[in-house]
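**Student:** Mind looking over this structure? Questions follow.
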There are 2 protein chains.
Amino acid sequence: MSIEEREKIVASERPKTVTLAEVAAKAGVSKMTVSKVLREVGNISEETRQRVRQAAHELGYLPNSLAGTLSSRRSRIVAVIIPSISDIVYAEVLSGVNAILRPRGFQTFIGESQFDPSVEADLIRAMLSFQPAGLLLNGGMARSGDAEALLARRNCPAIQLWDCDRHALDFSAGPSHESAGRLVAKHFLDRGLRRIAYVGAELDKDLSARRRHLALKSSLAAAGIDLVSMTCEDRPRQAATGRFLTEQLMRMHPEIDGIHFLNDAMALGGLSYLHQAGLPVPERISAVGFNGTSLANAVRTRLTTIDVPRTEIGEKAAQALLQMTEAQPMPDFWQARLELVQGNTTLAI
Amino acid sequence: MSIEEREKIVASERPKTVTLAEVAAKAGVSKMTVSKVLREVGNISEETRQRVRQAAHELGYLPNSLAGTLSSRRSRIVAVIIPSISDIVYAEVLSGVNAILRPRGFQTFIGESQFDPSVEADLIRAMLSFQPAGLLLNGGMARSGDAEALLARRNCPAIQLWDCDRHALDFSAGPSHESAGRLVAKHFLDRGLRRIAYVGAELDKDLSARRRHLALKSSLAAAGIDLVSMTCEDRPRQAATGRFLTEQLMRMHPEIDGIHFLNDAMALGGLSYLHQAGLPVPERISAVGFNGTSLANAVRTRLTTIDVPRTEIGEKAAQALLQMTEAQPMPDFWQARLELVQGNTTLAI
DNA sequence: TTGCGCAAAGTTATCGATAACATAATGCTG
DNA sequence: CAGCATTATGTTATCGATAACTTTGCGCAA
C-alpha cells in the first residue's frame with residue numbers, strides 16, 4: 001500500500017461504503033431485488049441474478065450486518081462470557097463453541113469476567129445490547145443481582161457452560177464437579193492413602209472448584225478421613241501458587257501422603273516443590289490434578305489428573321443453542337464424562 | 001427461575017424489548033431527550049434527567065447498540081483475528097487487547113483463522129460487515145488476494161499483531177522475529193556449540209516462525225555453520241510433534257548438540273525424548289524454546305527460551321487503535337523487546 | 001374470453017436509535 | 001423593554017437493510 005493510500009485511510013477519508021441502493025442502481029433493479037438475490041430467497045430470474053451479482057462484485061459491495069440484523073430482528077451474534085481467555089481450559093471450550101458456530105455464519109462476542117460477578121454483569125449488559133442470538137455463560141461463578149435481572153429480561157436463549165451440577169438457565173453443558181471430587185477420593189482410598197490434602201486458590205470465586213473440593217471432603221469424611229485444605233483467595237490459580245501452598249502444607253502437615261490440586265498448573269507447581277524437598281512422588285506422596293491439559297505431560301512427569309472434554313463441552317453448548325434457536329425440543333443439560341487418567345504421580349494398581 | 005418462566009423464554013415468547021420511545025412516553029418527554037440523558041450529552045435540566053433515568057430504570061430499558069451504531073455511524077466493535085484461541089500465546093495477546101478496550105466500552109469480535117488464509121479472508125469479510133471501529137490481524141500469515149481486496153476497501157484502521165519485521169496495514173505491534181533468530185544463534189555460538197538443529201512444524205503457514213528460522217540459519221551460516229532443519233507441515237506445533245521430530249532428528253544426526261524449537265511446547269516434547277533416550281541436557285545437548293510461556297517452568301526443567309511480552313503486545317496494539325480512532329499522530333509500529341531467559345536446558349556461562 | 005395461478009419484480013413501512021436543525025422558554029444587558 | 005444569547009426540549013430526516021404486501025405480466029385451463 002502506498003503512503004498516500006495509508007494516509008487517506010488513517011485520516012478517516014475512508015473509501016465510501018457501497019450500499020444496497022447503489023448496487024440496485026447499477027444493476028437497474030430495486031433494492032429489494034438485490035437483497036433477495038444476495039440472500040438467495042424469493043423468485044428472481046436467472047438473468048437478473050447474474051446482473052445483480054455482477055454489479056455487487058464490481059462495486060465491491062459488502063453487506064451491513066448491523067442494518068440487516070436490526071431490520072430482520074434475527075441476529076447471528078452469539079455472546080460468550082468466560083472467566084479468562086488466557087486460561088487454556090476456557091479457551092478450549094471457546095474453540096469448541098467457535099468450531100460449531102462459525103461455519104453456520106455466527107459471530108462470537110467474547111467477554112472475560114475474571115471471575116468477578118460485577119464485571120460479568122457489565123458484560124452481560126453490554127452483550128445483550130447487541131441483541132445476540134444466544135448467551136453462553138460460565139456456570140461456575142456466583143451471579144450478581146444485576147446479572148440475574150438482566151438475564152430475566154433477556155430475549156434469547158442462555159446456556160451455562162462448564163458446570164452441570166446445578167441446572168440454571170436454559171441448558172447446561174459440562175461435567176459434574178461433584179463426581180470429579182468423588183473420583184479423586186476413590187483414587188486415593190483405593191491406594192490406601194489416608195492423609196489427604198487439597199490445594200487450591202480463589203475458591204471464593206470459582207464455585208465449580210469449590211464443589212469438587214466439598215465432594216472430596218465429604219467422600220473422605222464418609223471413610224472416616226479428615227481432609228486437610230490449604231487454600232488462599234488472593235493468589236492466582238497457577239503453578240507458583242501451587243508451589244507456595246504445597247510448601248506451606250508440607251511444613252504444617254508433614255504426614256500428608258496424597259494431594260489433590262485445583263488444576264494441573266497448580267499441581268505442577270506443587271510437584272516442583274516436592275521434588276526439590278526430596279519427597280519422592282508417588283512413593284512417598286501422591287498428586288492428582290484436574291483438567292487433563294497438555295501441561296499434564298511434562299518432560300518426566302505424567303500427572304495423574306481428571307480429563308475434562310473441554311472442546312466437546314463447547315461444541316455441545318453451541319449445538320444446543322442452535323437447536324433452541326430452531327425451537328427444537330431438547331433436554332436440560334449435557335453431562336460431560338470425566339476420565340481419571342493414571343499418570344506417574346500416583347501409584348498404578 | 002420457575003419452569004413456566006423458562007418455558008416462556010425458550011418458546012420464544014420472550015419478554016418484549018423496551019425501546020427509547022417507551023421510556024420517553026413514560027417520562028413524558030421526546031425520544032431525543034431520553035437519548036441525550038442516557039448518553040449524557042446536550043443540556044437537559046436536572047429534573048428531567050431524574051425523571052428519564054427513573055423511567056428507564058423502571059422499565060428495565062436496555063439500549064439497542066445495533067441501532068445506535070447504525071444511526072451514529074460510530075462503532076464500538078473491534079474485530080480481532082488470531083490463528084488460534086486455544087494457543088496460549090495468541091490468547092494472551094487477546095487478553096491484552098481486551099484489557100485496554102473493554103474498560104472504554106469496546107466489544108471485541110474474535111475470529112480464529114487456524115493459519116488458513118482463506119478462512120482469514122472469510123473472517124475479515126464477516127467482521128467488516130459489522131462495521132468495526134478497527135481490525136486487528138495476526139501479522140505472521142500469508143494473506144489471500146480476497147483478504148487484500150477487502151482490506152483495501154475497509155473504512156477502519158487495521159493493525160498487525162505479533163510481527164514487526166514487515167510493516168503492513170496501519171500499525172504493527174510485535175517482536176522482530178529476525179532478531180529472535182539471531183539471539184538464539186548467538187546463544188548457541190557463545191556456548192561453543194556448532195552442531196545446531198532447528199525443529200518446527202507448520203512453517204508453511206507461520207511466516208513469523210519462518211523468519212526466526214531463516215535468521216537463525218543465516219546467522220549460523222555467517223559463522224560457517226550449516227543449520228540442520230527438521231520440520232514438517234502436517235502436524236500441529238505441539239509437544240507430541242516436538243518429540244516425534246526430535247527422535248527423527250537424533251536418529252539421522254546423532255552429532256547434534258543444540259536444538260532450537262519453534263515454541264516452548266515443542267521444546268518440552270523434544271526434551272521428553274532426549275531424557276528418555278538418555279541424552280543429558282544441557283551437558284550433551286542444549287535446547288532453546290520460544291515464547292516464554294508458563295510451560296517453560298516445568299517440574300525439574302526450566303527451559304531456556306525467548307520471552308515475548310504477549311500481553312503488552314495486545315495492549316500496545318489496542319492503544320494504537322484508540323489513538324488512530326482519535327486521529328492522533330503516531331508511529332508506524334511498536335517493537336516488542338525480546339529477552340533470552342536462561343534456564344537449565346542450556347549451559348549458563 | 002374470462003379469470004386464476006404463478007413467477008418476477010417493486011412499494012411502503014419499519015427496525016431503534018442519532019444527527020442536525022428548529023423552536024420555545026428563560027435570563028441578562030443596555 | 002427590546003434584543004439577543006443561552007438553556008431546554010422537540011421535529012424531521014436518516015442510517016442500511018428486511019418484512020409484508022402489492023403490482024405486473026404471462027401462460028393456460030375452463
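Each chain of the C-alpha cells is named A, B, ... in the order shown, its residues numbered from 1; ligands are numbered from 1 in display order.
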Please return, as a list of chain:residue names, all residues of range 172-314 of chain A that DSSP assigns to strand (DSSP E or B) on the basis of the backbone.
**Tutor:** A:Ser172, A:Ala173, A:Gly174, A:Pro175, A:Ile196, A:Ala197, A:Tyr198, A:Val199, A:Gly200, A:Ala201, A:Val228, A:Ser229, A:Met230, A:Thr231, A:Cys232, A:Gly258, A:Ile259, A:His260, A:Phe261, A:Ser286, A:Ala287, A:Val288, A:Asn291, A:Asn297, A:Arg302, A:Thr304, A:Thr305, A:Ile306, A:Asp307
**Student:** Give the helix (DSSP H, G or I) residues of range 119-325 of chain A, as DSSP finds them on the backbone, and put them as number ranges by chain.
**Tutor:** A: 119-128, 145-152, 177-190, 207-222, 239-252, 264-276, 294-296, 310-325
**Student:** Need the shell around range 10-12 of chain C: protein/DNA/RNA residues with any atom at most 8 Å away, counting only C-alpha atoms (C1' of nucleotides). Skip same-chain ones fewer than 6 positions apart. Format as a list in words?
**Tutor:**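 The contact residues come out as Ser30 and Met32 of chain A; DT22 and DT23 of chain D.
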**Student:** Please determine the contact residues of chain C with respect to chain B at a cut-off of 6 Å, counting only C-alpha atoms (C1' of nucleotides), and supply them as a list in words.
**Tutor:**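 Applying the cut-off to the listed atoms yields DG16, DA17 and DT18 of chain C.
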**Student:** Please produce a file of the residues just selected, as a PDB file, in the first residue's frame, where the atoms kept are C-alpha atoms (C1' of nucleotides).
**Tutor:**
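File produced: again_10.pdb:
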ATOM      1  C1'  DG C  16     -34.359   1.527  17.164  1.00  0.00           C
ATOM      2  C1'  DA C  17     -31.585   4.635  17.547  1.00  0.00           C
ATOM      3  C1'  DT C  18     -28.767   9.528  16.485  1.00  0.00           C
TER       4       DT C  18
END
**Student:** Just the number, please: distance in Å from CA of Leu262 in chain B to CA of Lys316 in chain B, one decimal.
**Tutor:**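 Separation between CA of Leu262 in chain B and CA of Lys316 in chain B: 24.5 Å.
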**Student:** Could you list, with a cut-off of 7 Å and counting only C-alpha atoms (C1' of nucleotides), the residues of chain D near chain A, each shown with its nearest atom pair and the distance in Å rounded to one decimal, rows sorted by chain and ascending number, as a Markdown table?
**Tutor:**
| residue | atom | partner | partner_atom | distance |
| --- | --- | --- | --- | --- |
| D:DG16 | C1' | A:Ala67 | CA | 5.0 |
| D:DA17 | C1' | A:Gly68 | CA | 4.7 |
| D:DT18 | C1' | A:Ser72 | CA | 5.2 |
**Student:** Would you mind exporting N, CA and C atoms (P, O5', C5', C4', C3', O3' and C1' of nucleotides) of the selected residues as a tab-separated table (two decimals), in the first residue's frame?
**Tutor:**
chain	number	residue	atom	x	y	z
D	16	DG	P	-25.46	4.23	5.14
D	16	DG	O5'	-26.10	2.79	5.00
D	16	DG	C5'	-25.60	1.74	5.82
D	16	DG	C4'	-26.55	0.58	5.74
D	16	DG	C3'	-26.85	0.10	4.32
D	16	DG	O3'	-26.60	-1.29	4.29
D	16	DG	C1'	-28.84	0.37	5.55
D	17	DA	P	-26.67	-2.11	2.97
D	17	DA	O5'	-28.13	-2.76	3.05
D	17	DA	C5'	-28.27	-4.09	3.42
D	17	DA	C4'	-29.30	-4.22	4.54
D	17	DA	C3'	-30.50	-5.07	4.19
D	17	DA	O3'	-30.21	-6.43	4.51
D	17	DA	C1'	-31.12	-3.11	5.44
D	18	DT	P	-31.05	-7.56	3.83
D	18	DT	O5'	-32.44	-7.51	4.61
D	18	DT	C5'	-32.45	-7.83	5.99
D	18	DT	C4'	-33.90	-7.84	6.46
D	18	DT	C3'	-34.80	-8.81	5.73
D	18	DT	O3'	-35.61	-9.43	6.71
D	18	DT	C1'	-35.68	-6.63	5.56
**Student:** Please return, as a PyMOL selection string, all residues of chain B lying within 7 Å of chain A when only C-alpha atoms are considered.
**Tutor:** chain B and resi 6+9-11+14-15+62-67+70+85-86+88+91-92+95+108-110+129-130+153+155+157+170+268-269+271-272+298-300+324+327
**Student:** Can you work out the spacing between CA of Thr305 in chain A and CA of Ser286 in chain A in Å, to one decimal?
**Tutor:** 11.3 Å
**Student:** For Val228 in chain A, please output as a ChimeraX atom specification all residues within 10 Å (counting only C-alpha atoms (C1' of nucleotides); exclusion window: fewer than 6 positions along the same chain).
**Tutor:** /A:195-199,217,249,253,256,259
**Student:** The selected residues should be written to file as a CSV table (one decimal), in the first residue's frame (atoms: N, CA and C atoms).
**Tutor:**
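What landed in out-v2.csv:
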chain,number,residue,atom,x,y,z
A,195,ARG,N,-3.9,-39.8,54.5
A,195,ARG,CA,-3.5,-38.4,54.9
A,195,ARG,C,-3.6,-37.5,53.7
A,196,ILE,N,-4.8,-37.1,53.5
A,196,ILE,CA,-5.1,-36.4,52.2
A,196,ILE,C,-5.2,-34.9,52.4
A,197,ALA,N,-4.7,-34.2,51.4
A,197,ALA,CA,-4.8,-32.7,51.4
A,197,ALA,C,-5.4,-32.2,50.1
A,198,TYR,N,-5.9,-31.0,50.2
A,198,TYR,CA,-6.4,-30.3,49.0
A,198,TYR,C,-5.7,-29.0,48.9
A,199,VAL,N,-5.2,-28.7,47.7
A,199,VAL,CA,-4.5,-27.4,47.5
A,199,VAL,C,-5.2,-26.6,46.4
A,217,LYS,N,-14.0,-33.7,50.1
A,217,LYS,CA,-14.0,-33.7,51.6
A,217,LYS,C,-15.1,-34.6,52.2
A,249,LEU,N,1.9,-26.3,53.2
A,249,LEU,CA,1.2,-27.5,53.6
A,249,LEU,C,2.2,-28.5,54.2
A,253,HIS,N,1.9,-29.9,57.8
A,253,HIS,CA,1.4,-31.3,57.9
A,253,HIS,C,2.3,-32.2,57.1
A,256,ILE,N,1.2,-35.7,55.4
A,256,ILE,CA,0.4,-35.8,54.2
A,256,ILE,C,1.0,-36.8,53.2
A,259,ILE,N,-2.1,-35.5,47.6
A,259,ILE,CA,-2.7,-34.1,47.5
A,259,ILE,C,-3.5,-34.0,46.2
**Student:** What's the 12 Å shell around DA25 in chain C, counting only C-alpha atoms (C1' of nucleotides), without same-chain residues fewer than 4 positions away, as number ranges by chain?
**Tutor:** D: 6-9
**Student:** What does the structure give for the distance between CA of Ala318 in chain B and CA of Gln114 in chain B, in Å to one decimal?
**Tutor:** 22.1 Å
**Student:** Can you pull out the residues contacting DC28 in chain D? Cut-off 12 Å, using only C-alpha atoms (C1' of nucleotides), and skip same-chain residues under 5 positions away; I want them as a PDB file with N, CA and C atoms (P, O5', C5', C4', C3', O3' and C1' of nucleotides), in the first residue's frame.
**Tutor:**
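Saved the output as selection_13.pdb:
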ATOM      1  P    DT C   2     -63.734 -10.704 -21.641  1.00  0.00           P
ATOM      2  O5'  DT C   2     -63.794 -11.581 -20.316  1.00  0.00           O
ATOM      3  C5'  DT C   2     -64.858 -12.535 -20.146  1.00  0.00           C
ATOM      4  C4'  DT C   2     -64.458 -13.505 -19.060  1.00  0.00           C
ATOM      5  C3'  DT C   2     -63.795 -12.860 -17.842  1.00  0.00           C
ATOM      6  O3'  DT C   2     -64.510 -13.219 -16.681  1.00  0.00           O
ATOM      7  C1'  DT C   2     -62.514 -14.718 -18.610  1.00  0.00           C
ATOM      8  P    DG C   3     -64.184 -12.486 -15.274  1.00  0.00           P
ATOM      9  O5'  DG C   3     -63.209 -13.523 -14.580  1.00  0.00           O
ATOM     10  C5'  DG C   3     -63.477 -14.922 -14.686  1.00  0.00           C
ATOM     11  C4'  DG C   3     -62.258 -15.675 -14.218  1.00  0.00           C
ATOM     12  C3'  DG C   3     -61.504 -14.974 -13.073  1.00  0.00           C
ATOM     13  O3'  DG C   3     -61.109 -15.969 -12.149  1.00  0.00           O
ATOM     14  C1'  DG C   3     -60.014 -15.433 -14.812  1.00  0.00           C
ATOM     15  P    DC C   4     -61.090 -15.696 -10.627  1.00  0.00           P
ATOM     16  O5'  DC C   4     -60.229 -16.912 -10.083  1.00  0.00           O
ATOM     17  C5'  DC C   4     -60.305 -18.180 -10.752  1.00  0.00           C
ATOM     18  C4'  DC C   4     -58.911 -18.716 -10.982  1.00  0.00           C
ATOM     19  C3'  DC C   4     -57.934 -18.431  -9.840  1.00  0.00           C
ATOM     20  O3'  DC C   4     -57.495 -19.662  -9.305  1.00  0.00           O
ATOM     21  C1'  DC C   4     -56.945 -17.973 -11.964  1.00  0.00           C
ATOM     22  P    DG C   5     -56.580 -19.683  -8.002  1.00  0.00           P
ATOM     23  O5'  DG C   5     -55.151 -19.905  -8.640  1.00  0.00           O
ATOM     24  C5'  DG C   5     -54.963 -20.941  -9.596  1.00  0.00           C
ATOM     25  C4'  DG C   5     -53.515 -20.926 -10.047  1.00  0.00           C
ATOM     26  C3'  DG C   5     -52.526 -20.647  -8.910  1.00  0.00           C
ATOM     27  O3'  DG C   5     -51.423 -21.525  -9.044  1.00  0.00           O
ATOM     28  C1'  DG C   5     -52.256 -19.029 -10.619  1.00  0.00           C
ATOM     29  P    DC C   6     -50.407 -21.725  -7.828  1.00  0.00           P
ATOM     30  O5'  DC C   6     -49.077 -21.131  -8.457  1.00  0.00           O
ATOM     31  C5'  DC C   6     -48.665 -21.574  -9.742  1.00  0.00           C
ATOM     32  C4'  DC C   6     -47.758 -20.536 -10.350  1.00  0.00           C
ATOM     33  C3'  DC C   6     -46.636 -20.062  -9.404  1.00  0.00           C
ATOM     34  O3'  DC C   6     -45.391 -20.380  -9.993  1.00  0.00           O
ATOM     35  C1'  DC C   6     -47.653 -18.246 -10.553  1.00  0.00           C
TER      36       DC C   6
END
**Student:** Compile the contact shell of Ser208 in chain A as a list in words: residues with an atom at most 9 Å away, counting only C-alpha atoms (C1' of nucleotides), same-chain residues fewer than 4 positions apart removed.
**Tutor:**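 Selected residues are Gly139, Gly140, Met141, Trp162, Asp163, Asp165, Ser176, His177, Glu178, Leu203, Arg212 and His213 of chain A.
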**Student:** Grab the residues selected above and save them as a PDB file, in the first residue's frame with C-alpha atoms.
**Tutor:**
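selection.pdb, written as the output of this step:
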ATOM      1  CA  GLY A 139     -21.634 -21.849  35.267  1.00  0.00           C
ATOM      2  CA  GLY A 140     -19.027 -21.895  37.955  1.00  0.00           C
ATOM      3  CA  MET A 141     -19.460 -18.405  39.324  1.00  0.00           C
ATOM      4  CA  TRP A 162     -18.576 -25.840  32.392  1.00  0.00           C
ATOM      5  CA  ASP A 163     -20.816 -26.968  35.206  1.00  0.00           C
ATOM      6  CA  ASP A 165     -24.348 -29.865  38.854  1.00  0.00           C
ATOM      7  CA  SER A 176     -20.372 -32.875  37.347  1.00  0.00           C
ATOM      8  CA  HIS A 177     -17.752 -31.395  39.599  1.00  0.00           C
ATOM      9  CA  GLU A 178     -19.153 -33.343  42.497  1.00  0.00           C
ATOM     10  CA  LEU A 203     -12.208 -20.864  45.727  1.00  0.00           C
ATOM     11  CA  ARG A 212     -15.052 -30.542  43.746  1.00  0.00           C
ATOM     12  CA  HIS A 213     -13.402 -29.648  46.995  1.00  0.00           C
TER      13      HIS A 213
END
